[in-house]
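Asker: Here you go, one structure.
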Amino acid sequence: MAVKPFHLAWFLQGSSIAGWGDPWSGNIETEWMGAGAFLDLARAMERACFDYILIEDSIYVGQNWKNSREIFLKNGISIPRQEPSVVATLMAAATTRLGIVPTLSTFAYHPYLTSRIVGTLDQISAGRGGWNMVTGSSDLSAMNFGMDALPEHDKRYLMAEEYIQICKGLWGSWEPDAIVADHESGVLIDHTKVKTIDFKGEYYASRGPLNSGPAPQGQPVIAQAGGSKMGKAFAARHADTIVAAPRGTAAMKKYREDVRAEMVAAGRDPEHCKVLFLLQPIVTETKAEAEEKIAMRRAFAENNIDRMLARFGWSTNLDLSDCDLDAPIGELTTNGHQSSLAQFLDGSKGKTLRQAIIDHTTRGYCVDVVGTPEDCASQMEEIIEEVGGDGFLIEQPNVNRRTVASITDGLVPVLQRRGLTRKAYAHEQLRDNLLDF
């Protein structure tokens, strides 16, 4: 049975300088403040007919290695990062069909502000705005906002439930036809179609209504990365698209089935939420070149263990600098990214910390997709056939014109010729394109 078309989106690690040090990064160290790199990427994604670009974010400088910022600043590990809503606005202005989905953290933005920012993005993009909802994972980020630490993991999701109810209420505080612009009566807005929400919860409150007016999509598209049990349940209740990273096709299939079952239990149609699996394909002209890239990546990890562990600690909120590299991994817990830690530990059984971090950082996210454009297209088709859908969220560790072109000008044309991805957008708005197949 032929595989039906699947969706593609791009996962942008928030910094425009992420590719610094790569031979093909150009003069990024002097150009990173400008919008050029971001806009080139957005236009390339639109030419390749991607559904959306997700702008990942964090709001802190790493210090999860020897309790120091040195290794993070010296090597540009997730730093610098610019305000994603500003970058999203520029991307929206440079495109006409691509969905634009910035990350806004629930602990850093009040729900009224998030509703207003994302609603405005939806307006200026004519219905292509979205919001990647995250609850945060680092106590360092919480400290930047006057807190001692983030709330406990599960509590963050209890708080997020109130948060998203306010956002939805505010987006719904304007009826779609509230702006009547009746020149005869002199009425611009029908006041009976704009409502307060008067939400008062345990953690958040907002009176409303939103003052920016109705959003073209009614409610902007919500993206969410639900990896933990509570995260998956939350995503099933609220997300229009889910960022997922379970390791291996069997785990990918189970994840999608679990989320879809949760959606049914919540009274939602599972076809209304697209699960996109993180993928870091290595696309090259020859198989030999692909093998060389893999060998180079592993050699880099072996020679930069500190950097690999610091980067892992940045995402998991752990400082492993005092651990014995050549001893088995002990018990680890975190209030940060629990699914990331669980996946690391699951793949590290019987290994030393050195072996585990090398293996963890040199493989792809969900599955390894490697080879020529034809090879990679075949692998992706087989994965989707086994998993059942819905598509991939593609990321590259070093974002430059060459790595982007390997996807948009190498891989995507093959997928399009096989009828696996769209050749043109069928709709003007993001949600409609997500629901197209």
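Residue numbering restarts at 1 for every chain of the structure tokens, chains are lettered A, B, ... in their displayed order, and ligands are numbered from 1 as they appear.
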Give me, as an MDAnalysis selection string, the residues of stretch 125-270 of chain A that a backbone DSSP run labels helix (DSSP H, G or I).

Answerer: chainID A and resid 139:143 153:171 191:193 229:238 249:265 270

Asker: Out of stretch 106-222 of chain A, which residues get strand (DSSP E) from DSSP, as a list in words?

Answerer: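 Here is the list: Gly130, Trp131, Asn132, Met133, Val134, Ile179, Val180, Ala181, Asp182, Val187, Leu188, Ile189, Phe199, Lys200, Ala205, Ser206, Val221 and Ile222 of chain A.
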
Asker: For the residues in the current selection, export C-alpha atoms as an mmCIF file, in the first residue's frame.

Answerer:
```cif
data_model
loop_
_atom_site.group_PDB
_atom_site.id
_atom_site.type_symbol
_atom_site.label_atom_id
_atom_site.label_comp_id
_atom_site.auth_asym_id
_atom_site.auth_seq_id
_atom_site.Cartn_x
_atom_site.Cartn_y
_atom_site.Cartn_z
ATOM 1 C CA GLY A 130 1.620 29.457 15.699
ATOM 2 C CA TRP A 131 2.996 29.056 19.201
ATOM 3 C CA ASN A 132 5.373 26.391 20.473
ATOM 4 C CA MET A 133 4.271 26.102 24.089
ATOM 5 C CA VAL A 134 6.984 25.114 26.569
ATOM 6 C CA ILE A 179 -15.268 44.219 13.197
ATOM 7 C CA VAL A 180 -18.222 45.423 11.100
ATOM 8 C CA ALA A 181 -16.776 48.707 9.736
ATOM 9 C CA ASP A 182 -20.262 50.048 8.942
ATOM 10 C CA VAL A 187 -19.692 51.623 13.923
ATOM 11 C CA LEU A 188 -16.260 50.017 13.557
ATOM 12 C CA ILE A 189 -16.612 47.215 16.128
ATOM 13 C CA PHE A 199 -10.453 33.905 34.411
ATOM 14 C CA LYS A 200 -9.173 33.458 37.950
ATOM 15 C CA ALA A 205 -5.674 35.318 36.109
ATOM 16 C CA SER A 206 -6.795 37.573 33.295
ATOM 17 C CA VAL A 221 -1.773 26.760 15.736
ATOM 18 C CA ILE A 222 -0.397 25.289 18.973
#
```

Asker: Can you list every residue of stretch 179-257 of chain A that has an atom at most 12 Å from stretch 357-370 of chain A, with its nearest atom pair and the distance in Å to one decimal, using only C-alpha atoms, ordered by chain then number, as CSV?

Answerer:
```
residue,atom,partner,partner_atom,distance
A:Val243,CA,A:Cys366,CA,11.2
A:Ala244,CA,A:Cys366,CA,8.3
A:Ala245,CA,A:Cys366,CA,5.3
A:Pro246,CA,A:Cys366,CA,5.5
A:Arg247,CA,A:Cys366,CA,4.3
A:Gly248,CA,A:Val367,CA,5.5
A:Thr249,CA,A:Val367,CA,7.2
A:Ala250,CA,A:Cys366,CA,10.2
A:Ala251,CA,A:Cys366,CA,8.7
A:Met252,CA,A:Cys366,CA,7.4
A:Lys253,CA,A:Cys366,CA,11.0
A:Tyr255,CA,A:Cys366,CA,11.4
```

Asker: Pick out the closest residue to A:Asn64 from this set: A:Asn400, A:Asn317, A:Gln338, A:Ser212. Count only C-alpha atoms.

Answerer: A:Asn317

Asker: Of the residues A:Glu302, A:Asp322, A:Asp57, A:Glu29, which is the one nearest to A:Phe11, using only C-alpha atoms?

Answerer: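 Closest to A:Phe11 of all the choices is A:Asp57.
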
Asker: Choose the residue, out of A:Ala37, A:Val275, A:Ala377, A:Val412, that has the smallest atom-to-atom separation from A:Gly389; count only C-alpha atoms.

Answerer: A:Val275

Asker: When you count only C-alpha atoms, which of these residues is closest to A:Thr334: A:Asp306, A:Asp51, A:Glu395, A:Asp319?

Answerer: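 Closest to A:Thr334 of all the choices is A:Asp319.
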
Asker: With only C-alpha atoms as the atoms that count, which of A:Arg128, A:Arg418, A:His337, A:His272 lies nearest to A:Gln217?

Answerer: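 Of A:Arg128, A:Arg418, A:His337, A:His272, the one nearest A:Gln217, counting only C-alpha atoms, is A:Arg128.
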
Asker: Choose the residue, out of A:Pro176, A:Gly336, A:Gly391, A:Gly227, that has the smallest atom-to-atom separation from A:Lys274; count only C-alpha atoms.

Answerer: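 Using only C-alpha atoms, the shortest distance to A:Lys274 belongs to A:Gly391.
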
Asker: Grab the atom CA of A:Val86 to atom CA of A:Ala126 distance for me, in Å with one decimal place.

Answerer: 16.8 Å

Asker: Can you tell me which residues surround A:Val283 at a distance of at most 9 Å, considering only C-alpha atoms, apart from same-chain residues fewer than 3 positions away, and format the answer as a list in words?

Answerer: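 Using only C-alpha atoms, the neighbours found are Thr286, Ala290, Val369, Val370, Gly371, Thr372, Pro373, Asp375, Cys376, Thr403, Ser406, Ile407, Gly410 and Leu411 of chain A.
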
Asker: Neighbouring residues of A:Gln165 were defined as those with any atom within 12 Å, considering only C-alpha atoms; residues of the same chain fewer than 2 positions away were excluded. Please report them as a ChimeraX atom specification.

Answerer: /A:111-112,115,158-163,167-173,197-201,203-206,219,234,237-238

Asker: Considering only C-alpha atoms, return as a CSV table (one decimal) with N, CA and C atoms, in the first residue's frame whatever protein or nucleic-acid residues lie within 7 Å of stretch 87-104 of chain A, sequence-local ones (same chain, fewer than 2 positions apart) excluded.

Answerer:
```
chain,number,residue,atom,x,y,z
A,39,LEU,N,16.1,34.9,7.3
A,39,LEU,CA,15.2,35.1,6.1
A,39,LEU,C,15.5,34.2,5.0
A,42,ALA,N,14.0,30.9,6.0
A,42,ALA,CA,12.5,30.9,5.8
A,42,ALA,C,12.1,30.8,4.3
A,43,ARG,N,12.8,31.5,3.5
A,43,ARG,CA,12.4,31.5,2.0
A,43,ARG,C,12.7,30.1,1.5
A,46,GLU,N,10.0,27.8,2.4
A,46,GLU,CA,8.8,28.0,1.7
A,46,GLU,C,8.9,27.5,0.2
A,50,PHE,N,7.5,23.4,3.0
A,50,PHE,CA,7.4,23.0,4.4
A,50,PHE,C,6.1,23.6,5.0
A,51,ASP,N,5.5,22.8,5.9
A,51,ASP,CA,4.4,23.3,6.6
A,51,ASP,C,4.7,24.5,7.5
A,52,TYR,N,5.8,24.4,8.3
A,52,TYR,CA,6.1,25.5,9.2
A,52,TYR,C,7.6,25.4,9.6
A,53,ILE,N,8.1,26.5,10.2
A,53,ILE,CA,9.4,26.6,10.8
A,53,ILE,C,9.1,26.9,12.3
A,54,LEU,N,9.7,26.0,13.1
A,54,LEU,CA,9.6,26.2,14.6
A,54,LEU,C,10.9,26.8,15.1
A,55,ILE,N,10.7,27.9,15.8
A,55,ILE,CA,11.9,28.6,16.3
A,55,ILE,C,12.0,28.2,17.8
A,56,GLU,N,13.0,27.3,18.0
A,56,GLU,CA,13.2,26.9,19.4
A,56,GLU,C,13.9,28.0,20.2
A,57,ASP,N,13.8,28.0,21.5
A,57,ASP,CA,14.3,29.0,22.3
A,57,ASP,C,14.7,28.6,23.7
A,83,GLU,N,15.3,37.2,20.7
A,83,GLU,CA,13.8,37.0,21.0
A,83,GLU,C,13.1,36.4,19.8
A,84,PRO,N,12.5,35.2,20.0
A,84,PRO,CA,11.9,34.5,18.8
A,84,PRO,C,10.7,35.2,18.2
A,85,SER,N,9.9,36.0,19.0
A,85,SER,CA,8.8,36.6,18.4
A,85,SER,C,9.2,37.7,17.4
A,106,THR,N,6.0,29.5,29.3
A,106,THR,CA,4.9,29.9,30.1
A,106,THR,C,5.4,30.6,31.4
A,109,TYR,N,6.5,34.6,30.0
A,109,TYR,CA,5.5,35.5,29.4
A,109,TYR,C,4.1,35.2,30.1
A,121,LEU,N,0.9,37.9,15.5
A,121,LEU,CA,1.7,37.2,14.4
A,121,LEU,C,0.7,36.5,13.5
A,125,SER,N,0.6,37.7,9.4
A,125,SER,CA,0.9,36.7,8.5
A,125,SER,C,-0.3,36.1,7.7
A,128,ARG,N,-0.9,32.5,9.4
A,128,ARG,CA,0.1,31.5,9.4
A,128,ARG,C,0.9,31.4,10.7
A,129,GLY,N,0.3,32.0,11.8
A,129,GLY,CA,1.0,32.1,13.1
A,129,GLY,C,0.7,30.9,13.9
A,130,GLY,N,1.7,30.5,14.7
A,130,GLY,CA,1.6,29.5,15.7
A,130,GLY,C,2.4,29.8,16.9
A,131,TRP,N,2.3,28.9,17.9
A,131,TRP,CA,3.0,29.1,19.2
A,131,TRP,C,3.5,27.7,19.7
A,132,ASN,N,4.8,27.6,19.9
A,132,ASN,CA,5.4,26.4,20.5
A,132,ASN,C,5.4,26.6,22.0
A,133,MET,N,4.5,25.9,22.7
A,133,MET,CA,4.3,26.1,24.1
A,133,MET,C,5.2,25.2,24.9
A,134,VAL,N,6.1,25.9,25.7
A,134,VAL,CA,7.0,25.1,26.6
A,134,VAL,C,6.8,25.6,28.0
A,428,GLU,N,-4.0,28.9,2.2
A,428,GLU,CA,-3.3,30.1,2.6
A,428,GLU,C,-2.9,30.1,4.1
A,430,LEU,N,-2.0,28.2,7.9
A,430,LEU,CA,-1.2,27.1,8.5
A,430,LEU,C,-2.1,25.9,8.9
```
